[in-house]
Amino acid sequence: MEKKYITITTLNKYLKNKFDTDPNIRNISLKGEISNFKGHSRGHLYFTLKDEGSRINAVMFQFNANRLTFVPEDGMKVLVDGKVSIYEATGAYQIYIENMEEDGLGNLYLKYEELKKNLKAKGLFDQEHKKIIPKYPQRIGIITAPTGAAIKDILSTIKRRYPICETYLFPSLVQGTIAKDDIVKQIKEAENHNLDLLIIGRGGGSIEDLWAFNEEIVAYAIYECKVPIISAVGHEIDFTIADFVADLRAPTPTAAAELAVPNITDLNILLKQYYIRSANLIKHNLNLNINKLKTLKNSYVLTSPLAIYEIKEQTLSNLILNLNNYINNKLDNSKTKLLRYSESYILNNPDNLFINKQNKYTLILNKLELLNPISVLSKGYSVLKHNNKIIKDSSKIKIGDKIDINLFKGEIKAKVEEVG
């Protein structure tokens, strides 16, 4: 009997019909955790729904997704209603979700948030610890899987943009339970190769696939690395702990290469601009100095040097003349004063000056003698004192007071009595 062969399309249509007519899966409710979530530009949602042992692809079209009251994301636990069917083009079965609601966060996501909070509190994410990415690196290290799109994209981008840069691959596991240890090992190895920059990353994947870059030992290895690090893990919507600790985060491996090196085309344009600016500056300075030289050549000093000498010579002559006049005037004044002094009465009659001074002295001495109280006493006068004070008024003395009488020669003590 001749075998009958059918097409794959016929088989997939047959299986799809079986799925669509099976009442057990035409209307089914599942609970699980969202992983590898992607939102389409038209509003459709694509992701994997998983539990501890299995997973199933899921799709939620835009007309159903519009009714959601939350934003789905990786690690979120959800409850869904829908139907299971086959996508004929690939033969893969998936659940088409009509309704979905939150059922808490997945364990990995909770672990991610807790570690992120702890490391942030310890300062591993602080901007002050970020190292500066070199503008023109000469040696770049790359830590990623040796095969795959990530390394190809990084190498091709660097070669295209900045071919003079040297690249060094440090092959590492980027997925699985031992990947974290391999990544840490390669970071420490890279520090021994005098690198200017280090790129660490991999292509996109689910939160489980990227988990090695959420490990605490990887975070500390990046933080303690002396070489500036660009993190390039997953796609633009993926964020890992490594991204927060690294000195710079790139949304994709290709973007990391673009951030790591300048564009040689832009550099050539910049160099041409510098060349033009330098040439114009040199030309400007040259013309400026030529004009200065012309000005100096035509200056009065160079064209008429003798005239400058003549002016200075005349100035010097005037100064000498003024100085001579000043000296002569001083000499004439001094001669006049000397002559006046030599003809003065004092110099010519010194004896008369002495006699005049002696007469003045005798006159002053006679005046002082007249005013001397001792001279007055010699004429028979006396001075009365009471308690060492001169008595000028008799009313100030009382009967019985003792008084002192000072004479020209000697002193008499007396007592005041009433006259009978």
# chains A, B, ... in the order shown; residues from 1 in each chain; ligands from 1
call {"tool": "select_by_dssp", "arguments": {"residues": "region 165-395 of chain A", "states": "strand (DSSP E or B)", "output": "list in words"}}
result
Glu166, Thr167, Tyr168, Leu169, Phe170, Pro171, Leu197, Leu198, Ile199, Ile200, Gly201, Arg202, Ile229, Ile230, Ser231, Ala232, Val233, Leu248, Arg249, Val383, Leu384, Lys385, His386, Lys389 and Ile390 of chain A
call {"tool": "write_last_selection", "arguments": {"atoms": "C-alpha atoms", "output": "mmCIF file, in the first residue's frame"}}
result
data_model
loop_
_atom_site.group_PDB
_atom_site.id
_atom_site.type_symbol
_atom_site.label_atom_id
_atom_site.label_comp_id
_atom_site.auth_asym_id
_atom_site.auth_seq_id
_atom_site.Cartn_x
_atom_site.Cartn_y
_atom_site.Cartn_z
ATOM 1 C CA GLU A 166 42.730 47.128 20.418
ATOM 2 C CA THR A 167 40.107 44.724 21.811
ATOM 3 C CA TYR A 168 40.620 41.802 24.205
ATOM 4 C CA LEU A 169 37.993 39.124 24.779
ATOM 5 C CA PHE A 170 37.684 37.524 28.212
ATOM 6 C CA PRO A 171 35.265 34.648 27.453
ATOM 7 C CA LEU A 197 37.936 50.337 29.483
ATOM 8 C CA LEU A 198 35.937 47.169 30.129
ATOM 9 C CA ILE A 199 32.581 46.157 28.593
ATOM 10 C CA ILE A 200 30.535 43.522 30.442
ATOM 11 C CA GLY A 201 27.314 42.124 29.048
ATOM 12 C CA ARG A 202 25.273 39.746 26.962
ATOM 13 C CA ILE A 229 33.174 49.539 33.242
ATOM 14 C CA ILE A 230 30.278 49.847 30.790
ATOM 15 C CA SER A 231 27.420 47.438 31.506
ATOM 16 C CA ALA A 232 25.543 46.125 28.443
ATOM 17 C CA VAL A 233 23.110 43.465 29.598
ATOM 18 C CA LEU A 248 27.985 53.638 32.661
ATOM 19 C CA ARG A 249 24.939 51.658 31.523
ATOM 20 C CA VAL A 383 56.008 137.795 109.336
ATOM 21 C CA LEU A 384 53.281 136.390 111.619
ATOM 22 C CA LYS A 385 52.218 132.755 111.242
ATOM 23 C CA HIS A 386 49.571 130.629 112.852
ATOM 24 C CA LYS A 389 50.060 129.882 107.711
ATOM 25 C CA ILE A 390 50.797 133.596 107.209
#
call {"tool": "residues_around", "arguments": {"residues": "Val261 (chain A)", "least_positions_apart": "4", "cutoff": "8 Å", "atoms": "only C-alpha atoms", "output": "list in words"}}
result
Lys135, Tyr136, Pro137, Ile158, Arg161, Tyr162 and Ala257 of chain A
call {"tool": "write_last_selection", "arguments": {"atoms": "N, CA and C atoms", "output": "PDB file, in the first residue's frame"}}
result
ATOM      1  N   LYS A 135      37.818  59.124  26.818  1.00  0.00           N
ATOM      2  CA  LYS A 135      37.276  59.616  25.551  1.00  0.00           C
ATOM      3  C   LYS A 135      37.877  58.887  24.358  1.00  0.00           C
ATOM      4  N   TYR A 136      39.164  58.559  24.449  1.00  0.00           N
ATOM      5  CA  TYR A 136      39.842  57.892  23.334  1.00  0.00           C
ATOM      6  C   TYR A 136      40.588  56.654  23.852  1.00  0.00           C
ATOM      7  N   PRO A 137      39.869  55.585  24.181  1.00  0.00           N
ATOM      8  CA  PRO A 137      40.514  54.389  24.716  1.00  0.00           C
ATOM      9  C   PRO A 137      41.358  53.682  23.652  1.00  0.00           C
ATOM     10  N   ILE A 158      32.934  48.457  17.139  1.00  0.00           N
ATOM     11  CA  ILE A 158      34.210  49.099  17.471  1.00  0.00           C
ATOM     12  C   ILE A 158      35.106  49.190  16.241  1.00  0.00           C
ATOM     13  N   ARG A 161      33.722  51.947  13.932  1.00  0.00           N
ATOM     14  CA  ARG A 161      33.788  53.316  14.446  1.00  0.00           C
ATOM     15  C   ARG A 161      35.206  53.767  14.780  1.00  0.00           C
ATOM     16  N   TYR A 162      36.036  52.827  15.302  1.00  0.00           N
ATOM     17  CA  TYR A 162      37.335  53.244  15.831  1.00  0.00           C
ATOM     18  C   TYR A 162      38.345  52.112  15.634  1.00  0.00           C
ATOM     19  N   ALA A 257      29.285  49.544  22.676  1.00  0.00           N
ATOM     20  CA  ALA A 257      30.432  49.801  21.799  1.00  0.00           C
ATOM     21  C   ALA A 257      30.413  51.237  21.291  1.00  0.00           C
TER      22      ALA A 257
END
call {"tool": "atom_distance", "arguments": {"atom1": "CA of Gly43 (chain A)", "atom2": "CA of Met60 (chain A)"}}
result
9.0 Å
call {"tool": "atom_distance", "arguments": {"atom1": "CA of Thr265 (chain A)", "atom2": "CA of Lys159 (chain A)"}}
result
12.3 Å
call {"tool": "closest_residue", "arguments": {"among": "A:Pro305, A:Gly203, A:Gly53, A:Pro262", "to": "Pro134 (chain A)", "atoms": "only C-alpha atoms"}}
result
A:Pro262
call {"tool": "residues_around", "arguments": {"residues": "region 14-21 of chain A", "least_positions_apart": "2", "cutoff": "8 Å", "atoms": "only C-alpha atoms", "output": "list in words"}}
result
Thr10, Leu11, Asn12, Pro23, Ile25, Arg26, Val84, Ser85, Ile86, Tyr87 and Glu88 of chain A
call {"tool": "residues_around", "arguments": {"residues": "Ile207 (chain A)", "least_positions_apart": "6", "cutoff": "7 Å", "atoms": "only C-alpha atoms", "output": "PyMOL selection string"}}
result
chain A and resi 35-36+74
call {"tool": "write_last_selection", "arguments": {"atoms": "C-alpha atoms", "output": "tab-separated table (two decimals), in the first residue's frame"}}
result
chain	number	residue	atom	x	y	z
A	35	SER	CA	8.94	36.12	32.10
A	36	ASN	CA	10.63	37.54	28.99
A	74	ASP	CA	8.93	40.34	34.36
call {"tool": "select_by_dssp", "arguments": {"residues": "region 184-284 of chain A", "states": "alpha helix (DSSP H)", "output": "ChimeraX atom specification"}}
result
/A:184-190,216-224,241-245,253-260,264-284
call {"tool": "residues_around", "arguments": {"residues": "Gly176 (chain A)", "least_positions_apart": "5", "cutoff": "9 Å", "atoms": "only C-alpha atoms", "output": "PyMOL selection string"}}
result
chain A and resi 208-212
call {"tool": "residues_around", "arguments": {"residues": "Ile397 (chain A)", "least_positions_apart": "6", "cutoff": "10 Å", "atoms": "only C-alpha atoms", "output": "list in words"}}
result
His386, Ile391, Ile403 and Val416 of chain A
call {"tool": "closest_residue", "arguments": {"among": "A:Lys38, A:Lys131, A:Lys337, A:Lys413", "to": "Glu73 (chain A)", "atoms": "only C-alpha atoms"}}
result
A:Lys38
call {"tool": "atom_distance", "arguments": {"atom1": "CA of Ser299 (chain A)", "atom2": "CA of Leu316 (chain A)"}}
result
23.5 Å
call {"tool": "residues_around", "arguments": {"residues": "region 219-224 of chain A", "least_positions_apart": "6", "cutoff": "12 Å", "atoms": "only C-alpha atoms", "output": "PyMOL selection string"}}
result
chain A and resi 115-116+118-120+122-131+143+180-191+198-201+211-213+230-231+240-248
